[in-house]
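Visitor: Below is a structure I'd like to ask you about.
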Amino acid sequence: MRLETIIAGVMVASLVLYALLGGADYGGGVWDLFAFGKRAREQRVLIAEAIGPVWEANHVWLILVIVILFTAFPPAFATIATALHIPITLLLIGIVLRGTSFTFRSHDVQRDDVQRRWSLVFSIASIITPVLLGIILGAIASGTIRVENGVLSTGFFRSWLAPFPFAVGFFALALFAFLAAVYLTLETQVRELQEDFRARGLVAGVAVGLLALIVFVLAEKGAPTVRAGISRTWWALGLHIFTAVFATGAFYALWTKKYRLARVCAASQVTLILLGWAFAQFPNLVEPDITITSAAAPPITLELLLIALVLGAVLLFPSYYYLFRIFKTPQSGTRTQ
Amino acid sequence: MDDLLAARSQMAMSLAFHIIFAAIGIAMPFLMIIAEWRWLRTKDEIYLTLAKRWAKGAAILFAVGAVSGTVLSFELGLLWPNFMGYAGSIIGMPFSLEGFAFFTEAIFLGIYLYGWKRVPPRAHLFAGAMVALSGALSGIFVVIANAWMNAPTGFRIVDGKPVDIDPIAAMMNPAAFPQTLHMTLAAYAATGFVVAGIHAFMLLRDPHNRFHKAALAIALVVGGTTAILQPLSGDLLAKSVAKTQPVKLAAFEGQFQTEQGAPLRIGGIPDETAGVTRYAIEVPYGLSYLAYGDPSATVKGLNDFRRGELPPVAVVHVAFQVMVACGVAMMFIALWSAWRYVRARRKETWLESKWFLRALVAGGSLGFVAIETGWVVTEVGRQPWIIHGVMRTSEAVTPMPGLIIPFITFTLLYIFLAVITVWLLLRQVAASPQAPEPIAKEARLAA
């Protein structure tokens, strides 16, 4: 396999991990907004405790994606950052407001009105940011970012201000909310709270299904080459079958309250969706003009980057595992007191 | 405001904002683990309280630092896509390493801030040490990338394109060592001084509070030691600038004429149209000696560089003077502290002087003034280049029109964040502890 393909693979893997971990933190924000009923307060506390120790670390997956992109594929980064200047700027505002409002809420006066105000900023930013992330990915896949003689020819609006990227945006939001609800069922021992998030997970699961359908239909005009990749190639059928199996599995497991199974299925489902997109777009980095190979940095940069990624992973994963073991093993928790 | 100026303003504002949180993110964990280590050694609860209080304040600053840092990594592409397209493969390496350092920092920060009751004390201290170490490494990697923009190495240019790229050589550029040393020391000195200033202020109101004395002592040791070392690293950096960017050095000093045995100018206002620096105190032969180690060395003046390649001299000179003045003042405060400590008969009295505490309060913000002006010196001093001698800032900017809109948006956003952050920190400082507080309740509210 070519070096640049391996590195592109690592980039996709980082994006998948960002979706599975960072994405769920955004999903937590969604459920903060939709916390209602007599346990609304407990729901919010649970979400905050689940996100608190890990969100900053989970957020770094996105930084890693960006850093790999601009080190290994500089022209692709330059093109994306130029064509999608507006949605990326809005994404950044969302990222800033989400992170800071969450922290400010923890440290501000514990009076209800003050807390509610920060909650509102936090949860709205948690909803807008995934939508923008989806819009950006949808625009990259759409084939409407065109480069002629090294110059962007399609302007600053056309590629993302379209039905397809927006559908992808809402699809991303639904997926993140779904993941968060499934994960949250395992963050508490309190049966009622588990039930609350089980119900939310089922609703989000239905939304995921509907939006997947909308995205697929809109892709016919909105992202024709990627859709062709998803619907016609030999591996696509297998991928669809597996995605469907996991989607059904996640839904079934939630229905029957097998929360651990639901978590595995939901995470696998999201992973396969992202991999399906990546494979369908391969070997294009930005549809249709920039390929992995055409944008790749010289081999020496790629080699050193790969070494850094391997060494970094060796250091990173044990620490990351340690973090999750400390905060995500139920028996060590005092969190529902 | 044209788009280039708007882009530069947005970048400058984002950096000026982020650098405060970044510097605190480097140094604050170090202060926290010293306090925690003292607690483990002495079992004196006051140090535990201190570590926890500092961690609580730092949590807010870390979060703002993490998100404003994210903004910057995107802004490299949003504002300077041609720069990133050109330089990404050469200088992406330290950014990638920084990514991992940031990752380690964020992971152990989570453990540190939320793990007081979940991990054993030594593991907790270890987590703090990892935050301190990876925070410092993050800063070093980013500054290496900036140093490369000042002294680009590790490639050749053929037909306007970089070839023979060597990312390791790019990282080992001649400005890398002096710049990272200078910035790392600056982070500890500035943070140490600001923390010392806050606790000195509280001691003036409550002179026998052991908590604030303990805090002040730790902050002064860290801030003072680095403040005494900083002028040496500054000298090293200036000598490196003299070699790699002589035009920048001339701008530092407002040196318009090429001169043998050039004087060191203290203060003064450069008049760029007349080509002279007025009202400066001149130390004969000072500049030649400091820059080249030889009092009779020739310093090339601004007039002998090409017109279109000069930075805005007045801004750079004045910023440089302010930075140096702050640094020197900090050094004297640090020496005064050391002298007071050595001279004190009973060690607990060395912090009991109203004038000394007042000086610490007055000097509290000097380090951050020096950091801000120092970045003005290095960034404005590099103009009109984004990569010194290779790419102009105007060639790097995005074709995106209307850049004033994101500039204003981010400015308002950051003003808002700054106000809230300061307000929340003031509230925490005002709640001065007399005795160890009930931590359990606090931790739960913080979660």
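Identifiers in this document derive from the order of the structure tokens: chains are assigned A, B, ..., residues are numbered from 1 separately in each chain, and ligands are numbered from 1 in order of occurrence.
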Tell me as a ChimeraX atom specification which residues belonging to chain B come within 6 Å of chain A, counting only C-alpha atoms.
Guide: /B:64,67,71,77-78,81,85,88-89,92,96,99-100,103,106-107,110,114,446-447
Visitor: DSSP on the backbone, strand (DSSP E or B) only: what residues of region 103-257 of chain A does that give? Format it as a short mmCIF file (atom, residue, chain, number, x, y, z; two decimals) with C-alpha atoms, in the first residue's frame.
Guide:
data_model
loop_
_atom_site.label_atom_id
_atom_site.label_comp_id
_atom_site.auth_asym_id
_atom_site.auth_seq_id
_atom_site.Cartn_x
_atom_site.Cartn_y
_atom_site.Cartn_z
CA VAL A 147 -9.89 23.76 -8.59
CA GLU A 148 -8.66 25.02 -11.94
CA VAL A 151 -7.18 28.30 -8.17
CA LEU A 152 -10.53 27.70 -6.54
#
Visitor: Leaving out region 199-201 of chain A and any residue of its chain fewer than 2 positions from it, which residues lie within 9 Å of it when counting only C-alpha atoms, given as a short mmCIF file (atom, residue, chain, number, x, y, z; two decimals) with C-alpha atoms, in the first residue's frame?
Guide:
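Full text of part36.cif as output:
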data_model
loop_
_atom_site.label_atom_id
_atom_site.label_comp_id
_atom_site.auth_asym_id
_atom_site.auth_seq_id
_atom_site.Cartn_x
_atom_site.Cartn_y
_atom_site.Cartn_z
CA TRP A 31 -29.77 15.86 25.51
CA ALA A 177 -27.24 12.29 19.68
CA PHE A 178 -27.90 8.59 19.16
CA LEU A 179 -24.40 7.63 20.33
CA ALA A 180 -24.67 9.87 23.37
CA ALA A 181 -28.01 8.44 24.45
CA VAL A 182 -26.72 4.88 24.09
CA THR A 185 -27.49 4.39 29.57
CA GLN A 194 -31.30 4.57 32.11
CA GLU A 195 -34.89 4.45 30.94
CA ASP A 196 -34.82 8.16 30.08
CA PHE A 197 -31.80 7.75 27.85
CA VAL A 203 -36.06 8.31 19.14
CA ALA A 204 -32.61 9.29 17.89
CA GLY A 205 -32.25 5.88 16.25
CA VAL A 206 -35.39 6.49 14.22
CA PHE A 251 -32.05 -0.71 18.05
CA LEU A 254 -31.77 -0.75 23.25
CA TRP A 255 -35.32 -2.08 23.01
#
Visitor: Rank B:Ala169, B:Ile26, B:Ala344, B:Leu125 by their smallest atom-to-atom distance to Phe102 (chain B), using only C-alpha atoms, and report the top residue only.
Guide: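 Of B:Ala169, B:Ile26, B:Ala344, B:Leu125, the one nearest Phe102 (chain B) is B:Ile26, counting only C-alpha atoms.
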Visitor: Using only C-alpha atoms for the distances, tell me which of B:Gln10, B:Gly115, B:Met32, B:Tyr414 is nearest to Lys328 (chain A).
Guide: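 Using only C-alpha atoms, Lys328 (chain A) sits closest to B:Gly115.
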Visitor: If you count only C-alpha atoms, which residues fall within 10 Å of Val168 (chain A), apart from same-chain ones fewer than 5 positions away, as a VMD selection string?
Guide: chain A and resid 130 to 139 163 173 to 174 211 to 212 214 to 216 218 to 219
Visitor: Skipping near chain neighbours, those fewer than 5 positions away, what residues fall within 10 Å of Glu272 (chain B) using only C-alpha atoms, listed as a list of chain:residue names?
Guide: B:Gly254, B:Phe256, B:Thr277, B:Leu302, B:Asn303, B:Pro312, B:Val313, B:Ala314
Visitor: Once you have the residues from the selection above, write them out as an mmCIF file, in the first residue's frame, restricted to N, CA and C atoms.
Guide:
data_model
loop_
_atom_site.group_PDB
_atom_site.id
_atom_site.type_symbol
_atom_site.label_atom_id
_atom_site.label_comp_id
_atom_site.auth_asym_id
_atom_site.auth_seq_id
_atom_site.Cartn_x
_atom_site.Cartn_y
_atom_site.Cartn_z
ATOM 1 N N GLY B 254 16.073 50.492 16.299
ATOM 2 C CA GLY B 254 15.915 51.755 15.580
ATOM 3 C C GLY B 254 17.237 52.197 14.977
ATOM 4 N N PHE B 256 19.156 53.096 12.002
ATOM 5 C CA PHE B 256 18.909 53.428 10.595
ATOM 6 C C PHE B 256 20.196 53.431 9.774
ATOM 7 N N THR B 277 16.343 57.793 15.022
ATOM 8 C CA THR B 277 15.638 57.477 16.259
ATOM 9 C C THR B 277 15.971 58.572 17.261
ATOM 10 N N LEU B 302 18.939 50.124 8.839
ATOM 11 C CA LEU B 302 17.719 49.926 8.041
ATOM 12 C C LEU B 302 17.815 50.575 6.663
ATOM 13 N N ASN B 303 18.522 51.696 6.593
ATOM 14 C CA ASN B 303 18.626 52.406 5.313
ATOM 15 C C ASN B 303 19.312 51.568 4.240
ATOM 16 N N PRO B 312 7.536 47.608 9.971
ATOM 17 C CA PRO B 312 7.182 48.899 10.568
ATOM 18 C C PRO B 312 8.094 49.144 11.776
ATOM 19 N N VAL B 313 9.044 50.027 11.610
ATOM 20 C CA VAL B 313 10.134 50.144 12.584
ATOM 21 C C VAL B 313 9.653 50.630 13.950
ATOM 22 N N ALA B 314 8.803 51.671 13.939
ATOM 23 C CA ALA B 314 8.414 52.274 15.214
ATOM 24 C C ALA B 314 7.722 51.261 16.121
#
Visitor: Would you compute the distance between CA of Gly223 (chain B) and CA of Ala186 (chain B)? Give it in Å to one decimal.
Guide: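 Interatomic distance, CA of Gly223 (chain B) to CA of Ala186 (chain B): 8.9 Å.
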Visitor: Neighbouring residues of Gln245 (chain B) were defined as those with any atom within 10 Å, considering only C-alpha atoms; residues of the same chain fewer than 6 positions away were excluded. Please report them as number ranges by chain.
Guide: B: 150-151, 175, 238-239, 381-382, 388-389
Visitor: Dump N, CA and C atoms for the selected residues as a PDB file, in the first residue's frame?
Guide:
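Okay, this is what ended up in result_17.pdb:
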ATOM      1  N   ASN B 150      10.874  32.431  10.887  1.00  0.00           N
ATOM      2  CA  ASN B 150      11.907  33.452  11.008  1.00  0.00           C
ATOM      3  C   ASN B 150      13.210  33.036  10.347  1.00  0.00           C
ATOM      4  N   ALA B 151      13.534  31.757  10.434  1.00  0.00           N
ATOM      5  CA  ALA B 151      14.814  31.268   9.914  1.00  0.00           C
ATOM      6  C   ALA B 151      14.560  29.978   9.147  1.00  0.00           C
ATOM      7  N   ALA B 175      16.829  29.401  14.636  1.00  0.00           N
ATOM      8  CA  ALA B 175      16.080  30.190  15.618  1.00  0.00           C
ATOM      9  C   ALA B 175      15.356  29.303  16.632  1.00  0.00           C
ATOM     10  N   ALA B 238      18.685  37.412  20.739  1.00  0.00           N
ATOM     11  CA  ALA B 238      19.044  38.612  19.968  1.00  0.00           C
ATOM     12  C   ALA B 238      20.257  38.329  19.077  1.00  0.00           C
ATOM     13  N   LYS B 239      21.210  37.579  19.603  1.00  0.00           N
ATOM     14  CA  LYS B 239      22.387  37.226  18.806  1.00  0.00           C
ATOM     15  C   LYS B 239      21.989  36.373  17.607  1.00  0.00           C
ATOM     16  N   GLY B 381       8.074  42.309  13.453  1.00  0.00           N
ATOM     17  CA  GLY B 381       9.454  42.452  13.011  1.00  0.00           C
ATOM     18  C   GLY B 381       9.804  41.580  11.818  1.00  0.00           C
ATOM     19  N   ARG B 382       8.995  40.537  11.558  1.00  0.00           N
ATOM     20  CA  ARG B 382       9.254  39.671  10.416  1.00  0.00           C
ATOM     21  C   ARG B 382       8.632  40.218   9.133  1.00  0.00           C
ATOM     22  N   HIS B 388      10.375  34.279   6.314  1.00  0.00           N
ATOM     23  CA  HIS B 388      11.414  35.281   6.105  1.00  0.00           C
ATOM     24  C   HIS B 388      12.204  35.044   4.816  1.00  0.00           C
ATOM     25  N   GLY B 389      12.151  36.019   3.929  1.00  0.00           N
ATOM     26  CA  GLY B 389      12.903  35.960   2.691  1.00  0.00           C
ATOM     27  C   GLY B 389      12.335  35.024   1.637  1.00  0.00           C
TER      28      GLY B 389
END
Visitor: Taking only C-alpha atoms into account, name the residue in A:Leu17, A:Ala40, A:Leu184, A:Ala207 that is nearest to Arg263 (chain A).
Guide: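 Between A:Leu17, A:Ala40, A:Leu184, A:Ala207, the residue approaching Arg263 (chain A) most closely is A:Leu184.
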Visitor: Which residue is closest to Ala274 (chain B)? Choose from B:Ile144, B:Gln257, B:Pro401, B:Tyr47 and count only C-alpha atoms.
Guide: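 When distances to Ala274 (chain B) are compared using only C-alpha atoms, the smallest one comes from B:Gln257.
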Visitor: Would you list the contacts of Ile157 (chain B) as a ChimeraX atom specification, taking every protein, DNA or RNA residue within 12 Å and counting only C-alpha atoms, but skipping same-chain residues closer than 4 positions in sequence?
Guide: /B:86-87,152-153,161-165,389-391
Visitor: Would you compute the distance between CA of Ile228 (chain B) and CA of Leu185 (chain B)? Give it in Å to one decimal.
Guide: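 CA of Leu185 (chain B) lies 9.7 Å from CA of Ile228 (chain B).
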Visitor: So which one's closest to Ala262 (chain B), B:Pro295, B:Gly139, B:Gly160, B:Gly154? Using only C-alpha atoms, please.
Guide: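 Closest residue, counting only C-alpha atoms: B:Pro295.
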Visitor: Using only C-alpha atoms, which residue out of A:Glu42, A:Glu192, A:Asp112, A:Glu287 lies closest to Gly222 (chain A)?
Guide: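 Comparing A:Glu42, A:Glu192, A:Asp112, A:Glu287 against Gly222 (chain A), the winner is A:Glu287.
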